[in-house]
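Chemist: Next up is a structure, given as structure tokens.
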Amino acid sequence: MATISLHALRKSFGDTEVIHGVDIEIDDGEFIVIVGPSGCGKSTLLRMVAGLESVTSGEIRIDGARVNEREPMDRNIAMVFQNYALYPHMSVFDNMAYGLKIARKTKAEIAEKVAQVANLLQLEGLLDRKPRQLSGGQRQRVAMGRAIVREPALFLFDEPLSNLDAKLRVQMRLEIKALQRQLGITSLYVTHDQVEAMTLADRMIVLNRGVTEQVGAPLEVYSRPASRFVGGFIGSPPMNFIPVALCQPDKLRALLPGDISGDAGLTVGIRPEHLERVAEGDHLFAGRVKFTEALGAETLVHVVLEDGQMVTLRQSGALPLPPADSLCIAACASAAISLFRASGERLEKG
Amino acid sequence: MTGMVQKRGWGVLLTHCGLILGVLTVCFPIYLAFVASTVTQPEIVRPPMPLLPGNQFLANYERAILSGVNAPVWRMLMNSAVMALGIALGKIAISLLSAFAIVYFRFPLRRLFFWLIFLTLMLPVEVRIVPTYEVVAGFGLLNSYAGLILPLIASATATFLFRQFFLTVPDELAEAARVDGARPMRFFFDILLPMSRTNIAALFVILFIYGWNQYLWPLLITTTPEMNTVVMGIKQMFPSGDDTADWPVIMATALLAMLPPVLVVVAMQRLFVKGLIETEK
């Protein structure tokens with residue numbers, strides 16, 4: 001149990017700076033997901049907190065104490081690695097017990113602790129097996145068990161689910177969430193999968209090229225993205241971006257108070273589910289249906305705008321599929337609209 | 001159908017004939033040595049050469065082991081064993097540690113040290129034998145086990161092999177151990193060493209035989225018969241001048257010298273093969 005604070009954290013490899021100053025205060029027991037495209041520095045950030053990478057400048061505090069110079073083992077953390085990093089020659093029991101053995105716990109204490117965690121993770125029958133005799137999901141559990149056994153102040157997860165197949169991933173996601181709730185241990189979780197980020201996080205950090213784009217609760221990030229990048233990265237299919245110049249001025253004025261039609265560099269961001277097909281004359285912008293994807297519960301309608309940009313519209317699966325012809329679209333409510341400057345940052349309305 | 005079976009039958013027969021012929025060719029000299037070690041000296045020198053074992057087996061071997069020609073063979077066998085074990089275990093320990101240093105630690109001139117070690121591959125004992133002798137003699141190590149073992153104890157090949165193996169061990173394993181609280185040497189003993197055990201076994205077999213078969217070096221630095229190793233000792237048993245060679249004893253010694261490497265190979269065969277073909281990660 002611990003509070004974590006990252007203050008102006010920077011990391012350079014030689015002359016290239018990969019983390020350009022990250023700040024966040026993490027509460028006790030919070031589940032924080034660091035999400036971003038590959039190469040954005042999210043794993044580096046996590047490894048800095050773990051103590052596996054040195055800190056170029058800035059400060060990491062765990063429970064108020066500066067840990068920059070501490071070895072990983074002295075930070076009271078546990079980490080789950082992407083490829084699990086189980087010791088191949090040790091049994092499941094020994095894998096889980098290794099950290100405790102090094103900490104010079106007594107045999108009885110270790111046995112009790114491991115048994116307890118094995119019970120929690122349904123690993124009791126597997127304690128004598130070697131890692132190579134386990135399935136991917138079981139290895140994943142052992143890696144979690146190894147982290148839990150040590151009762152750390154902080155869990156670090158480095159894309160722990162990316163080696164699992166899709167079905168198992170969903171299942172393990174739920175298990176991780178439930179476990180974290182049950183144990184109440186502060187967690188930092190790195191992923192590139194925005195669905196994982198949305199479902200797991202209490203708050204998420206959206207990282208892009210080493211810069212924090214937004215920190216916030218998943219739904220807040222989803223509905224009020226702080227930048228065009230966040231809108232495009234979070235959500236599947238991503239947010240649509242429509243240049244203001246392509247919108248009907250009166251309709252836009254009705255949706256957004258204040259005159260913005262003069263600023264041609266602005267972009268309107270609308271989620272696919274907030275768009276609906278309406279009759280001609282009432283439309284915000286117009287485009288041609290390129291193709292449709294019927295997924296059963298919903299249908300994705302892909303539309304090409306005048307300037308060639310693609311816009312996606314999500315409609316209920318019960319509605320008839322539109323043929324490939326011209327159609328009109330309008331946003332439903334002003335609350336669902338985001339406005340972005342040409343630089344990509346969000347423009348608050350009104 | 002029958003033709004096919006017939007053909008296959010002939011194939012098997014031919015293959016086996018070829019193999020048996022090969023085995024006989026290889027084994028015949030050894031058999032001859034065995035026969036020679038079981039007969040008396042006059043029987044050997046009188047033509048035709050005896051082709052069936054005689055009845056002197058126990059007497060000849062007892063004579064070889066307990067008294068020998070210059071030194072008793074048990075003594076030479078023990079010298080050889082100490083030397084071969086010292087070289088094999090020493091080489092393994094040193095190369096494991098140097099490979100560990102080169103792969104897992106960042107220190108100045110790391111690459112230079114690696115290439116220096118690698119360069120010594122080009123300098124086998126025979127090439128550097130004169131300066132090495134000079135150094136060993138200067139330290140007063142002639143006629144000692146240290147003198148037999150130390151100059152041969154570093155191995156670039158083994159260092160290189162372990163380096164390559166360590167490079168295939170995922171970095172996350174070292175990091176996981178670090179997070180678990182293992183300091184470097186603890187990681188080395190708890191994780192790396194057990195993971196390398198098949199490689200170690202394979203290398204041990206190769207290096208033991210290498211050490212056992214050393215000829216030139218022991219010949220140079222041992223002058224008293226008590227420090228002779230068995231492989232060079234056989235040569236020392238040949239008389240100079242007009243004396244007759246004691247062939248039964250020499251042959252018995254040769255066979256005794258062959259035994260330990262064979263035993264090592266047989267005992268370690270399973271691990272040896274596993275270490276050569278399989279990497280366990």
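For the structure tokens, the naming scheme is as follows: chains receive sequential letters (A, B, ...) according to their order of presentation, residues are indexed from 1 within each chain, and ligands are indexed from 1 in presentation order.
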Please identify every residue of chain B that has at least one atom no farther than 9 Å from an atom of chain A, counting only C-alpha atoms, and for each give the shortest atom pair and the distance in Å to one decimal, arranged by chain then increasing number, as JSON lines.
Modeler:
{"residue": "B:Pro170", "atom": "CA", "partner": "A:Ala85", "partner_atom": "CA", "distance": 7.7}
{"residue": "B:Asp171", "atom": "CA", "partner": "A:Ala85", "partner_atom": "CA", "distance": 8.6}
{"residue": "B:Glu172", "atom": "CA", "partner": "A:Ala85", "partner_atom": "CA", "distance": 5.5}
{"residue": "B:Leu173", "atom": "CA", "partner": "A:Ala85", "partner_atom": "CA", "distance": 5.0}
{"residue": "B:Ala174", "atom": "CA", "partner": "A:Ala85", "partner_atom": "CA", "distance": 8.6}
{"residue": "B:Glu175", "atom": "CA", "partner": "A:Leu52", "partner_atom": "CA", "distance": 7.1}
{"residue": "B:Ala176", "atom": "CA", "partner": "A:Ala85", "partner_atom": "CA", "distance": 6.5}
{"residue": "B:Ala177", "atom": "CA", "partner": "A:Gly99", "partner_atom": "CA", "distance": 8.0}
{"residue": "B:Arg178", "atom": "CA", "partner": "A:Pro72", "partner_atom": "CA", "distance": 6.5}
{"residue": "B:Val179", "atom": "CA", "partner": "A:Met73", "partner_atom": "CA", "distance": 5.1}
{"residue": "B:Asp180", "atom": "CA", "partner": "A:Gly99", "partner_atom": "CA", "distance": 4.5}
{"residue": "B:Gly181", "atom": "CA", "partner": "A:Met73", "partner_atom": "CA", "distance": 4.5}
{"residue": "B:Ala182", "atom": "CA", "partner": "A:Ile102", "partner_atom": "CA", "distance": 6.6}
{"residue": "B:Arg186", "atom": "CA", "partner": "A:Ile102", "partner_atom": "CA", "distance": 8.9}
{"residue": "B:Ile191", "atom": "CA", "partner": "A:Tyr87", "partner_atom": "CA", "distance": 7.0}
{"residue": "B:Pro194", "atom": "CA", "partner": "A:His89", "partner_atom": "CA", "distance": 6.9}
{"residue": "B:Met195", "atom": "CA", "partner": "A:His89", "partner_atom": "CA", "distance": 6.4}
{"residue": "B:Glu280", "atom": "CA", "partner": "A:Pro88", "partner_atom": "CA", "distance": 7.9}
{"residue": "B:Lys281", "atom": "CA", "partner": "A:Pro88", "partner_atom": "CA", "distance": 6.1}
Chemist: Just want the 6 Å neighbourhood of stretch 214-227 of chain B, counted on only C-alpha atoms, with same-chain residues fewer than 2 positions away dropped. Output as a ChimeraX atom specification.
Modeler: /B:70-71,142-143,211-212,232
Chemist: Applying 7 Å and only C-alpha atoms, which residues near stretch 56-63 of chain A remain after dropping the ones on its own chain fewer than 3 positions away? List them as a list in words.
Modeler: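 Result of the neighbour search: Ala2, Thr3, Ile4, Ser5, Leu6, His7, Ala8, Leu9, Arg10, Lys11, Ser12, Val49, Arg66, Val67 and Asn68 of chain A.
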Chemist: Keeping only C-alpha atoms, write the selected residues as a PDB file, in the first residue's frame.
Modeler:
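Below you can see part.pdb, which holds the result:
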ATOM      1  CA  ALA A   2       1.557   3.202  -1.063  1.00  0.00           C
ATOM      2  CA  THR A   3       1.182   6.523  -2.741  1.00  0.00           C
ATOM      3  CA  ILE A   4       3.436   7.199  -5.683  1.00  0.00           C
ATOM      4  CA  SER A   5       4.432  10.523  -7.065  1.00  0.00           C
ATOM      5  CA  LEU A   6       6.315  11.163 -10.261  1.00  0.00           C
ATOM      6  CA  HIS A   7       7.655  14.653 -10.558  1.00  0.00           C
ATOM      7  CA  ALA A   8       9.018  16.128 -13.832  1.00  0.00           C
ATOM      8  CA  LEU A   9      10.415  12.743 -14.711  1.00  0.00           C
ATOM      9  CA  ARG A  10      12.731  12.716 -17.686  1.00  0.00           C
ATOM     10  CA  LYS A  11      14.811  10.053 -19.389  1.00  0.00           C
ATOM     11  CA  SER A  12      17.442  10.357 -22.077  1.00  0.00           C
ATOM     12  CA  VAL A  49       9.693   3.345 -11.471  1.00  0.00           C
ATOM     13  CA  ARG A  66      12.616   9.547  -2.843  1.00  0.00           C
ATOM     14  CA  VAL A  67      13.626   6.243  -4.451  1.00  0.00           C
ATOM     15  CA  ASN A  68      15.594   7.415  -7.504  1.00  0.00           C
TER      16      ASN A  68
END
Chemist: Can you list every residue in stretch 239-323 of chain A that DSSP puts in strand (DSSP E or B), as a ChimeraX atom specification?
Modeler: /A:240-243,267-270,275-278,285-294,298-305,310-316
Chemist: Please give the complete set of residues from stretch 134-281 of chain B that DSSP, run on the backbone, assigns to helix (DSSP H, G or I), formatted as a ChimeraX atom specification.
Modeler: /B:134-138,145-152,156-168,171-179,184-195,197-212,216-221,225-227,230-236,247-277
Chemist: Using only C-alpha atoms, which of the listed residues (B:Ala99, B:Leu141, B:Ala201, B:Leu121) sits closest to B:Arg163?
Modeler: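 Ranking B:Ala99, B:Leu141, B:Ala201, B:Leu121 by distance to B:Arg163, first place goes to B:Ala99.
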Chemist: So what do you get for atom CA of A:Arg341 versus atom CA of A:Phe229, distance-wise?
Modeler: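 Atom CA of A:Phe229 lies 11.8 Å from atom CA of A:Arg341.
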